[in-house]
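Take a look at the structure below.
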Amino acid sequence: MKQLTIISGKGGTGKTTITAAFATLSDSHVIADCDVDAADLHLILEPSIERSEEFYGGRTAVIDSDKCQQCDECIRVCRFDAIEDYTVDPISCEGCGICVHACPEGAVTMEMHMSGHWFISHTRCGPMTHAKLGIAEENSGKLVTLVRQQAKLIAEKESKKYIIIDGPPGIGCPVIAAITGVDLLLAVTEPTLSGIHDLERVVGVARHFNTSVVVCINKCDINPDNSFAIEEYCKKNELEVVGKILYDPNVTKAMVNKKSVIEYPCGEVTKEIKSVWEKVERRLNGI
Amino acid sequence: MIISVASGKGGTGKTTIATSLALSLGNVQFLDCDVEEPNAHIFLKPHINEKISVGIPVPEVDESQCNFCGKCAEVCEFNAIVVIKKKVLFFPKLCHGCGGCAYICPEKAIKEVEREIGVIEKGNSGTIDFIHGILNVGEPMAPPLIRRVKKYILNSKHAVIDASPGTSCPVVEAVKGSDFCLLVTEPTPFGLNDLKLAVGMLRKLAIPCGVVINCADIGNEEVKRYCESENIPILMTIPWDRRIAEAYSRGIPLIEALPEYQHSFSQLYEKIRGEFR
């Protein structure tokens with residue numbers, strides 16, 4: 001079983017569009033949507049949820065006002081400015097618990113904090129694991145890890161060839177959680193200066209964690225000079241460019257119709273993404 | 001007034017809106033709080049005159065004073081410090097810098113040292129004070145750096161904050177304390193889904209918001225309908241325009257590429273002021 005994560009650094013380059021297309025093209029896989037704080041893949045794959053579980057990401061401090069003597073010790077030690085008027089703001093609370101140890105009255109306790117849900121679902125494109133982080137919650141890295149673990153269990157049980165992971169934007173903790181230990185990363189970029197800048201950083205993260213990357217340039221005709229610059233960058237850094245996808249407004253139409261670009265054909269775009277999948281599949285199988 | 005720009009979905013035009021708003025206002029502070037992938041400097045081309053290393057305090061154990069009692073490991077909620085027999089192991093990337101271990105150590109064997117997680121660069125772009133944070137590659141935690149970037153906010157000027165995509169901790173940290181948040185979206189199912197999440201986040205934080213619909217003619221009418229039903233003002237709409245996409249690709253701010261937008265951005269600011277009142 002091989003794992004592939006689709007990443008980008010910059011948001012909105014087309015990760016989910018490509019993941020949905022791969023889900024339609026591959027014949028043996030589990031899909032894991034690891035963009036847990038702004039998940040969109042379900043809008044295309046329309047999963048029917050078979051199992052839903054609560055996610056407890058961490059603990060939050062709670063002050064018992066009956067015991068509190070307002071000595072201010074907790075406020076003094078808290079480095080996250082989470083305590084005001086002897087109550088803890090759960091959004092600012094980091095869950096470190098230093099206030100529990102600092103309180104001479106034993107008035108502070110740590111309570112488990114439900115910070116989202118995770119799901120195992122069935123879709124027309126095979127099994128899918130996904131999640132929904134609660135509003136303004138943290139610990140998305142932990143939730144990403146959980147979604148991946150569940151995908152792996154299913155893949156092992158059902159002898160699936162691949163786990164296809166839709167990654168989050170950025171380079172921080174949820175991205176690191178989505179890429180550690182995978183076999184291949186597909187970085188989707190666009191020919192804009194922002195896209196190039198962010199690609200370089202996300203490739204840096206991949207290198208930091210010793211993971212192989214291939215690159216796909218989306219909307220490559222928006223700026224052919226920049227597309228060329230990306231290809232040059234990739235050549236210099238020994239990164240394979242597995243596809244150059246044209247801009248096509250039909251891609252948005254496919255999304256509006258809840259279809260992948262394979263199910264809702266978009267001419268050259270569909271052809272190119274099929275070829276990207278073939279190349280990615282070959283790389284995953286070490287060919 | 002502090003105006004933050006967020007979106008939920010990535011790539012909808014946060015940086016385009018934030019930079020052009022700042023340019024149209026002039027004499028403002030611009031804070032790029034998308035420290036994982038900061039891009040505003042590409043458009044504002046600031047002259048950087050100060051670079052500040054930002055770290056978080058992490059423990060350094062003096063093993064000659066340590067009696068390996070294990071209290072530090074017991075209090076650490078993040079499993080960043082572990083005591084095995086006569087050895088203290090520390091995992092820097094798990095440490096949140098809370099200081100719990102140093103606080104609890106009965107032998108006073110732990111002192112705290114700074115560990116760099118990123119840098120802040122300060123400079124100016126015309127009349128704009130420019131500040132951005134750059135998270136070091138491989139570092140997982142953006143919020144401490146975002147907090148430090150925001151420490152530079154002055155009361156004497158307007159501040160425009162560019163946030164990262166999503167709705168979790170880095171975004172919460174970036175928009176917290178704003179007087180108003182602009183949500184940039186596109187009229188597609190993905191745009192709408194993530195807009196709803198962003199609105200939920202802002203309501204929880206009690207920050208008033210308004211919406212900018214970018215590429216307004218590409219998808220469907222659902223975003224508009226949602227905003228109307230939720231009473232969220234649509235403060236600006238921008239059609240899909242190849243000239244805008246091309247200018248963006250070359251790092252040219254929208255109001256420089258298409259000066260006719262100058263007026264729209266001045267109006268946008270007036271509308272924000274109206275909403276804020």
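Going through the structure tokens in order, the chains are called A, B, and so on, while each chain numbers its residues from 1 and the ligands are numbered from 1 in the order shown.
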
Exercise: stretch 88-100 of chain B partners within 8 Å, only C-alpha atoms, chain neighbours under 6 positions left out, as a PyMOL selection string: (chain A and resi 78-79+96-98) or (chain B and resi 56-59+61+63+68+72+75-76+78-82+112+139-140)

Chain A residues near chain B (6 Å cut-off, only C-alpha atoms) as an NGL selection string: :A and (11-12 or 37-38 or 40 or 96 or 98 or 135-138 or 170-173 or 192-194 or 198 or 205)

Test item: residues at most 9 Å from stretch 54-61 of chain A, only C-alpha atoms, excluding those fewer than 2 positions along its chain, as a PyMOL selection string: (chain A and resi 52+63+88-90+93-97+99-100+108-119+131+133+137-140+142-143) or (chain B and resi 77)

Go ahead and write the residues just picked, N, CA and C atoms, as a CSV table (one decimal), in the first residue's frame.
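And here is the file that came out, selection-v1.csv:
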```csv
chain,number,residue,atom,x,y,z
A,52,SER,N,-19.3,8.0,12.7
A,52,SER,CA,-18.9,9.3,13.1
A,52,SER,C,-18.5,9.3,14.5
A,63,ILE,N,-11.6,27.1,35.7
A,63,ILE,CA,-11.4,27.6,37.1
A,63,ILE,C,-12.8,27.5,37.9
A,88,VAL,N,-11.3,31.3,32.2
A,88,VAL,CA,-10.3,30.9,31.1
A,88,VAL,C,-11.1,31.0,29.8
A,89,ASP,N,-10.4,31.7,28.8
A,89,ASP,CA,-10.9,31.8,27.5
A,89,ASP,C,-10.5,30.6,26.7
A,90,PRO,N,-11.4,29.7,26.4
A,90,PRO,CA,-11.0,28.4,25.8
A,90,PRO,C,-10.3,28.6,24.5
A,93,CYS,N,-6.7,29.5,25.4
A,93,CYS,CA,-6.0,28.5,26.3
A,93,CYS,C,-5.3,27.5,25.5
A,94,GLU,N,-4.0,27.3,25.8
A,94,GLU,CA,-3.1,26.4,25.0
A,94,GLU,C,-3.2,25.0,25.5
A,95,GLY,N,-3.8,24.9,26.7
A,95,GLY,CA,-3.9,23.5,27.3
A,95,GLY,C,-2.6,23.1,28.0
A,96,CYS,N,-1.8,24.0,28.4
A,96,CYS,CA,-0.5,23.6,29.0
A,96,CYS,C,-0.6,23.2,30.5
A,97,GLY,N,-1.6,23.7,31.2
A,97,GLY,CA,-1.9,23.3,32.5
A,97,GLY,C,-1.0,23.9,33.6
A,99,CYS,N,-1.3,26.7,35.0
A,99,CYS,CA,-2.2,27.3,36.0
A,99,CYS,C,-2.7,26.3,37.0
A,100,VAL,N,-2.9,25.1,36.6
A,100,VAL,CA,-3.3,24.0,37.6
A,100,VAL,C,-2.3,23.9,38.7
A,108,VAL,N,-8.1,25.1,39.9
A,108,VAL,CA,-8.1,24.9,38.4
A,108,VAL,C,-8.0,23.5,38.0
A,109,THR,N,-8.8,23.0,37.1
A,109,THR,CA,-8.6,21.6,36.6
A,109,THR,C,-8.6,21.7,35.1
A,110,MET,N,-8.1,20.6,34.6
A,110,MET,CA,-8.0,20.5,33.1
A,110,MET,C,-9.2,19.6,32.7
A,111,GLU,N,-9.9,20.0,31.7
A,111,GLU,CA,-11.0,19.2,31.2
A,111,GLU,C,-10.8,18.8,29.7
A,112,MET,N,-11.2,17.6,29.4
A,112,MET,CA,-11.1,17.2,28.0
A,112,MET,C,-12.1,18.1,27.2
A,113,HIS,N,-11.6,18.3,26.0
A,113,HIS,CA,-12.3,19.3,25.2
A,113,HIS,C,-12.6,18.7,23.8
A,114,MET,N,-13.9,18.6,23.5
A,114,MET,CA,-14.3,18.1,22.2
A,114,MET,C,-14.0,19.1,21.2
A,115,SER,N,-13.1,18.8,20.2
A,115,SER,CA,-12.8,19.8,19.3
A,115,SER,C,-13.1,19.5,17.8
A,116,GLY,N,-13.9,18.5,17.6
A,116,GLY,CA,-14.3,18.2,16.2
A,116,GLY,C,-14.9,16.8,16.1
A,117,HIS,N,-15.1,16.3,14.9
A,117,HIS,CA,-15.6,15.0,14.6
A,117,HIS,C,-14.7,14.4,13.4
A,118,TRP,N,-14.6,13.1,13.4
A,118,TRP,CA,-14.1,12.4,12.3
A,118,TRP,C,-15.0,11.4,11.8
A,119,PHE,N,-14.9,11.1,10.5
A,119,PHE,CA,-15.9,10.2,9.8
A,119,PHE,C,-15.2,9.1,8.9
A,131,ALA,N,-12.9,14.6,8.3
A,131,ALA,CA,-13.1,15.2,9.6
A,131,ALA,C,-13.6,16.6,9.5
A,133,LEU,N,-13.1,19.9,11.9
A,133,LEU,CA,-12.6,20.5,13.1
A,133,LEU,C,-13.6,21.5,13.6
A,137,GLU,N,-11.1,25.9,16.6
A,137,GLU,CA,-10.4,24.9,17.4
A,137,GLU,C,-9.0,24.7,17.0
A,138,GLU,N,-8.2,24.1,17.9
A,138,GLU,CA,-6.8,23.8,17.5
A,138,GLU,C,-6.6,22.3,17.5
A,139,ASN,N,-5.3,21.9,17.3
A,139,ASN,CA,-4.9,20.5,17.3
A,139,ASN,C,-5.3,19.9,16.0
A,140,SER,N,-5.3,20.7,14.9
A,140,SER,CA,-5.6,20.1,13.6
A,140,SER,C,-4.6,19.0,13.2
A,142,LYS,N,-3.2,16.8,15.1
A,142,LYS,CA,-3.6,15.5,15.7
A,142,LYS,C,-4.8,14.9,14.9
A,143,LEU,N,-5.7,15.7,14.5
A,143,LEU,CA,-6.9,15.2,13.8
A,143,LEU,C,-6.4,14.7,12.4
B,77,GLU,N,2.1,18.8,29.1
B,77,GLU,CA,0.9,18.3,28.4
B,77,GLU,C,1.2,17.9,27.0
```

Which residues are close to B:Val184, i.e. within 8 Å by only C-alpha atoms, leaving aside same-chain residues fewer than 2 positions away? Reply as a JSON list (two decimals) with N, CA and C atoms, in the first residue's frame.
```
[["chain", "number", "residue", "atom", "x", "y", "z"],
["B", 5, "VAL", "N", -8.03, 40.49, 6.91],
["B", 5, "VAL", "CA", -8.55, 39.92, 5.68],
["B", 5, "VAL", "C", -8.34, 38.41, 5.74],
["B", 6, "ALA", "N", -9.43, 37.67, 5.71],
["B", 6, "ALA", "CA", -9.37, 36.21, 5.81],
["B", 6, "ALA", "C", -10.25, 35.61, 4.74],
["B", 7, "SER", "N", -10.39, 34.27, 4.71],
["B", 7, "SER", "CA", -11.19, 33.70, 3.63],
["B", 7, "SER", "C", -11.76, 32.31, 3.86],
["B", 12, "THR", "N", -8.45, 32.76, -2.88],
["B", 12, "THR", "CA", -9.63, 33.52, -3.31],
["B", 12, "THR", "C", -9.29, 34.99, -3.56],
["B", 13, "GLY", "N", -8.13, 35.44, -3.05],
["B", 13, "GLY", "CA", -7.74, 36.83, -3.30],
["B", 13, "GLY", "C", -7.50, 37.66, -2.05],
["B", 14, "LYS", "N", -7.23, 37.01, -0.93],
["B", 14, "LYS", "CA", -6.95, 37.74, 0.32],
["B", 14, "LYS", "C", -5.85, 38.77, 0.13],
["B", 17, "ILE", "N", -6.72, 41.72, -2.13],
["B", 17, "ILE", "CA", -7.59, 42.70, -1.48],
["B", 17, "ILE", "C", -6.83, 43.46, -0.40],
["B", 182, "LEU", "N", -12.64, 41.31, 6.78],
["B", 182, "LEU", "CA", -13.13, 41.15, 5.41],
["B", 182, "LEU", "C", -12.93, 39.70, 5.02],
["B", 186, "GLU", "N", -15.08, 33.23, -3.30],
["B", 186, "GLU", "CA", -15.47, 33.11, -4.71],
["B", 186, "GLU", "C", -16.80, 32.37, -4.74],
["B", 211, "VAL", "N", -18.24, 40.73, 3.26],
["B", 211, "VAL", "CA", -17.73, 39.81, 2.26],
["B", 211, "VAL", "C", -17.30, 40.54, 0.98],
["B", 212, "VAL", "N", -16.19, 40.08, 0.41],
["B", 212, "VAL", "CA", -15.79, 40.50, -0.93],
["B", 212, "VAL", "C", -15.93, 39.27, -1.83],
["B", 213, "ILE", "N", -16.73, 39.38, -2.88],
["B", 213, "ILE", "CA", -16.84, 38.25, -3.81],
["B", 213, "ILE", "C", -15.92, 38.49, -5.00],
["B", 214, "ASN", "N", -14.92, 37.63, -5.09],
["B", 214, "ASN", "CA", -13.94, 37.74, -6.16],
["B", 214, "ASN", "C", -14.31, 36.75, -7.27]]
```

Sel. of alpha helix (DSSP H) residues, stretch 73-252 of chain B, as a ChimeraX atom specification: /B:73-75,100-104,143-150,169-175,189-204,222-229,242-249

Among stretch 88-175 of chain A, which residues does DSSP mark as strand (DSSP E or B) when it is run on the backbone? Keep the chain and numbering as in the structure and answer as a CSV table (one decimal) with C-alpha atoms, in the first residue's frame.
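Written output follows (states.csv):
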```
chain,number,residue,atom,x,y,z
A,88,VAL,CA,-10.3,30.9,31.1
A,108,VAL,CA,-8.1,24.9,38.4
A,109,THR,CA,-8.6,21.6,36.6
A,110,MET,CA,-8.0,20.5,33.1
A,111,GLU,CA,-11.0,19.2,31.2
A,112,MET,CA,-11.1,17.2,28.0
A,113,HIS,CA,-12.3,19.3,25.2
A,114,MET,CA,-14.3,18.1,22.2
A,115,SER,CA,-12.8,19.8,19.3
A,116,GLY,CA,-14.3,18.2,16.2
A,117,HIS,CA,-15.6,15.0,14.6
A,118,TRP,CA,-14.1,12.4,12.3
A,119,PHE,CA,-15.9,10.2,9.8
A,120,ILE,CA,-15.6,7.0,7.9
A,121,SER,CA,-17.7,7.2,4.7
A,122,HIS,CA,-18.6,5.4,1.6
A,123,THR,CA,-18.5,7.4,-1.7
A,126,GLY,CA,-14.5,4.2,-2.7
A,127,PRO,CA,-14.0,4.5,1.0
A,128,MET,CA,-13.2,7.9,2.5
A,129,THR,CA,-12.0,9.2,5.8
A,130,HIS,CA,-12.5,12.8,6.7
A,131,ALA,CA,-13.1,15.2,9.6
A,132,LYS,CA,-14.5,18.4,10.7
A,133,LEU,CA,-12.6,20.5,13.1
A,162,TYR,CA,-3.2,3.5,-2.5
A,163,ILE,CA,-4.1,6.1,0.1
A,164,ILE,CA,-4.8,9.4,-1.6
A,165,ILE,CA,-4.5,12.3,0.8
A,166,ASP,CA,-5.9,15.8,0.1
```
